[in-house]
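Here's the structure, in structure tokens; my notes come after.
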Amino acid sequence: MDTRRAILWMIFLMSLLFLWNNWQIYQGQPSLFGGSPTSQQASVATDAAGQAAPGAVPEVSDVSVPPPAPSAAEATEVPPSAPAEARVASRQPIVVASDVLRLSFDPVGARIVKAELLKFGAVDDSSRPVVLMNDDPAVLVYTAETGVVGPAGAGFPTHRTPFAASHVDTELVGDTLRVSFTASSGGLEVVKTYTLRRGSYDIAVSHELINRGEQPVSPSVYFQLTRDNSKPPGESTFYSTFTGPAVYSEEGKFQKISFSDIADGKGNYVKRTDDGWIAMIQHYFVSAWIPRQGVSRVNDMVSLGNNLYAVRSVEPVGTVQPGASQTVQSSLWIGPQDQNALEAVAPGLDLVVDYGWFTVIAKPLFVVMTWLHGMLGNWGWTIVALTVLIKLVFFPLSAASYRSMARMKAVAPRLTALREKYGDDRQKLNAAMMELYRNEKINPLGGCLPIAVQIPVFISLYWVLLASVEMRGAPWILWVTDLSARDPYFILPALMMATMFLQIKLNPTPPDPMQAKVMMLMPLIFGGMMFFFPSGLVLYWVVNNILSIAQQWYITRKIANAPVGAARNV
């Protein structure tokens, strides 16, 4: 097998791998490049009456979290005699804003029904902020909710209970902004407080539980993220990113579950833990509840119907005596997938930027990118500099590959003569070709093996550039104003096709006419795909091609100009 044929087979097999991976994703299966580890569920201690023993974590079935609250658009007028939870018609959202977030709270449940990220422009209009959360069924249903539940019959305040705003800072004054809501039900008063901080997407959330009744109560606080299964705006059909819930624990590490698996009851994740967090992930952005660490709780993912899904964590508070109170602290992240900031909030939270199998390579690449950006100040030039560094690291391997190709090109006329001489006698032809390779010190696989070693790095860099929120809205030069969007004038894809054609011309022409035609089609196929890929990815391939052409041209010329005997040792 000659070098050209080996490379073609590699390209063909890699194409089949990616096609199969995309088909798996389309069918709702996990990506081949990232999965969820299995986990086992621990048992719960119960007393003789079948109730959860004091301090034990209840079964998911032991606590009944209410269904989603109707949106303001869906709410209809009801009689004054109706239960409090049904009187949801007349409600105006309470809107507060920090320097990075604008949040809308629904008085029913004191839940976040709209979240706007003020530092990030929308896909269709960069002058408007990204709307990450919304409660409009015609657009998107994506909310953050909390509530209190207890044993059967205990009607504590939930995300369907009307709350009264007891303290509201609508604008950021100083470094913090505080919003508090109060509701009472079932003898329990709940004071829910959200605290926003300047420059931070990390929201401190506290629940103060005050027992106003005459009997001890054993409530549990739940933290919930509800979302429909719609794809985020700007999602491409040419590459797939994960949208859905995830959980993290020290036992199971990072586990993401597709909406389809939740609907089919196939989700496998750690349900009992005393650490970690729950999250709802989409391309570039994430929301996550981080409960208290070291406190036992139950994680759960459920289908709520109408294409709605929820991920929740239920945390027992313990016994609260009459007149006593208990405060539960937690954090809520609503913002970009900023790896450094996420890592500072909670262990493992930076893993929402999921590189799958290639994390061990992709993480260091991102660290190097961040370091380069600190010096260059432009993500486009950072990609160029990173491509140069990678090329330098793999220079010896690339040089070996190009030397092999150059020698194959030099002996191409002799290979053609051998094929004409032996015709269809494959045995004699192969023996003569191997003799020629041995005499000229040519390894037939020398051109493709060095490339194969570099493939994991190339795939890792692909995921780094695709997943990094830093690329979103980042300009390079002139017409490239957003490295996460496709080139508006298709200049970079055209340059990629041109450089691929030039590379092919520098390589030895395959003796098989069909093989030669396939090689000439490759730039059109890959270049055509790049018309729809983020310009940051295409920039990497263009720079890599240019550097490869320079290296290949130098080595080919050096071998061509060397004396016949010395060329074998170049």
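Ligands are numbered from 1 in the order shown, residues from 1 within each chain, and chains are lettered A, B, ... in the order they appear in the structure tokens.
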
Any idea what's packed within 12 Å of Ala498 of chain A, counting only C-alpha atoms, ignoring anything in its chain fewer than 3 positions away? Could you give it as an mmCIF file with C-alpha atoms, in the first residue's frame?
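The resulting file, part-v2.cif, is reproduced below:
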data_model
loop_
_atom_site.group_PDB
_atom_site.id
_atom_site.type_symbol
_atom_site.label_atom_id
_atom_site.label_comp_id
_atom_site.auth_asym_id
_atom_site.auth_seq_id
_atom_site.Cartn_x
_atom_site.Cartn_y
_atom_site.Cartn_z
ATOM 1 C CA ILE A 491 -12.789 34.370 2.451
ATOM 2 C CA LEU A 492 -11.212 31.996 4.962
ATOM 3 C CA PRO A 493 -12.951 28.872 3.523
ATOM 4 C CA ALA A 494 -11.807 29.924 0.033
ATOM 5 C CA LEU A 495 -8.232 30.298 1.306
ATOM 6 C CA PHE A 501 -5.115 22.311 -3.603
ATOM 7 C CA LEU A 502 -1.547 23.598 -3.355
ATOM 8 C CA GLN A 503 -0.669 20.903 -0.809
ATOM 9 C CA ILE A 504 -1.982 18.221 -3.153
ATOM 10 C CA LYS A 505 0.105 19.610 -5.998
ATOM 11 C CA MET A 520 -8.583 16.623 -6.115
ATOM 12 C CA MET A 522 -11.003 16.604 -1.092
ATOM 13 C CA PRO A 523 -10.417 20.407 -0.997
ATOM 14 C CA LEU A 524 -13.899 20.988 -2.407
ATOM 15 C CA PHE A 526 -13.689 19.925 3.209
ATOM 16 C CA GLY A 527 -13.694 23.521 2.018
ATOM 17 C CA GLY A 528 -17.428 23.350 1.372
ATOM 18 C CA TRP A 541 -6.837 25.195 9.321
ATOM 19 C CA VAL A 542 -5.730 27.988 6.962
ATOM 20 C CA ASN A 545 -2.069 24.610 5.785
ATOM 21 C CA ILE A 546 0.179 27.583 5.045
ATOM 22 C CA ILE A 549 3.037 24.108 2.577
#

- Going by DSSP on the backbone, which bits of segment 56-263 of chain A are strand (DSSP E)? Write them as a VMD selection string, please. chain A and resid 94 to 97 101 to 106 111 to 121 129 to 136 140 to 149 164 to 168 176 to 185 188 to 197 202 to 211 220 to 228 244 to 249 253 to 256

At most 10 Å is the cut-off: for each residue in segment 337-419 of chain A with any atom that close to an atom of segment 237-252 of chain A, write down the nearest atom pair and the distance in Å rounded to one decimal, counting only C-alpha atoms, chain first then increasing number, as JSON lines.
{"residue": "A:Pro347", "atom": "CA", "partner": "A:Tyr248", "partner_atom": "CA", "distance": 9.0}
{"residue": "A:Gly348", "atom": "CA", "partner": "A:Tyr248", "partner_atom": "CA", "distance": 7.1}
{"residue": "A:Leu349", "atom": "CA", "partner": "A:Tyr248", "partner_atom": "CA", "distance": 7.8}
{"residue": "A:Leu351", "atom": "CA", "partner": "A:Tyr248", "partner_atom": "CA", "distance": 9.0}
{"residue": "A:Val352", "atom": "CA", "partner": "A:Ala246", "partner_atom": "CA", "distance": 8.1}
{"residue": "A:Val353", "atom": "CA", "partner": "A:Phe242", "partner_atom": "CA", "distance": 9.9}
{"residue": "A:Asp354", "atom": "CA", "partner": "A:Phe242", "partner_atom": "CA", "distance": 8.8}

Produce a table with one row for each residue of segment 323-410 of chain A that has an atom at most 12 Å from any atom of segment 138-150 of chain A, each row naming the nearest atom pair and its distance in Å at one decimal; use only C-alpha atoms; arrange rows by chain and rising residue number; format as a tab-separated table.
residue	atom	partner	partner_atom	distance
A:Val328	CA	A:Val148	CA	11.0
A:Ser330	CA	A:Thr146	CA	10.8
A:Ser331	CA	A:Thr146	CA	11.8
A:Leu332	CA	A:Ala144	CA	8.7
A:Trp333	CA	A:Ala144	CA	10.2
A:Ile334	CA	A:Ala144	CA	9.3

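Of the residues listed (A:Tyr201, A:Gly473, A:Phe490, A:Arg272), A:Gly473 shows the shortest atom-to-atom separation from Ser127 of chain A; distances use only C-alpha atoms.
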
Write out as a short mmCIF file (atom, residue, chain, number, x, y, z; two decimals) with N, CA and C atoms, in the first residue's frame which residues come within 8 Å of segment 455-462 of chain A when counting only C-alpha atoms, dropping same-chain ones fewer than 4 positions away.
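Done, and the output landed in part.cif:
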data_model
loop_
_atom_site.label_atom_id
_atom_site.label_comp_id
_atom_site.auth_asym_id
_atom_site.auth_seq_id
_atom_site.Cartn_x
_atom_site.Cartn_y
_atom_site.Cartn_z
N TYR A 355 -15.06 18.33 26.81
CA TYR A 355 -14.26 17.92 25.66
C TYR A 355 -14.30 16.41 25.44
N PHE A 358 -11.18 13.68 24.85
CA PHE A 358 -9.94 14.41 24.59
C PHE A 358 -9.66 15.48 25.64
N THR A 359 -10.33 15.42 26.79
CA THR A 359 -10.14 16.42 27.83
C THR A 359 -8.69 16.50 28.27
N ILE A 361 -6.06 16.26 26.66
CA ILE A 361 -5.26 17.06 25.73
C ILE A 361 -5.85 18.46 25.60
N ALA A 362 -7.17 18.55 25.57
CA ALA A 362 -7.84 19.83 25.32
C ALA A 362 -7.62 20.81 26.46
N LEU A 365 -4.34 22.57 26.15
CA LEU A 365 -4.40 23.47 24.99
C LEU A 365 -5.11 24.76 25.35
N ILE A 451 1.16 11.70 10.67
CA ILE A 451 -0.10 12.44 10.67
C ILE A 451 -1.08 11.81 11.64
N LEU A 466 -14.35 25.16 19.41
CA LEU A 466 -15.80 25.11 19.26
C LEU A 466 -16.51 25.43 20.57
N LEU A 537 -12.26 28.22 13.73
CA LEU A 537 -11.81 26.90 13.31
C LEU A 537 -11.16 26.95 11.93
#

- Residues within 6 Å of Pro162 of chain A, only C-alpha atoms, excluding chain neighbours under 4 positions, as an MDAnalysis selection string: chainID A and resid 107:109

- Could you check which of A:Met369, A:Ala344, A:Val286, A:Val302 is closest to Pro68 of chain A, using only C-alpha atoms?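 The closest residue to Pro68 of chain A is A:Val302.
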
- Note on the structure: A straight line from atom CA of Pro322 of chain A to atom CA of Tyr194 of chain A spans 25.7 Å

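Residue nearest Asn211 of chain A, chosen from A:Gly155, A:Gly323, A:Gly265, A:Gly294 and counting only C-alpha atoms: A:Gly323.
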
- Task: Counting only C-alpha atoms, figure out which residue out of A:Asn439, A:Asp274, A:Ser325, A:Lys253 gets nearest to Glu208 of chain A.
- Result: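 So, comparing all the options, the nearest one is A:Ser325.
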
- Closest of A:Ser166, A:Gln255, A:Gln282, A:Ser98 to Pro336 of chain A - atom-to-atom distances counting only C-alpha atoms: A:Gln282

- Message: Which residues are close to Val217 of chain A, i.e. within 7 Å by only C-alpha atoms, leaving aside same-chain residues fewer than 4 positions away? Reply as a ChimeraX atom specification.
- Response: /A:319-321

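Counting from atom CA of Thr158 of chain A, the distance to atom CA of Leu172 of chain A is 27.7 Å.
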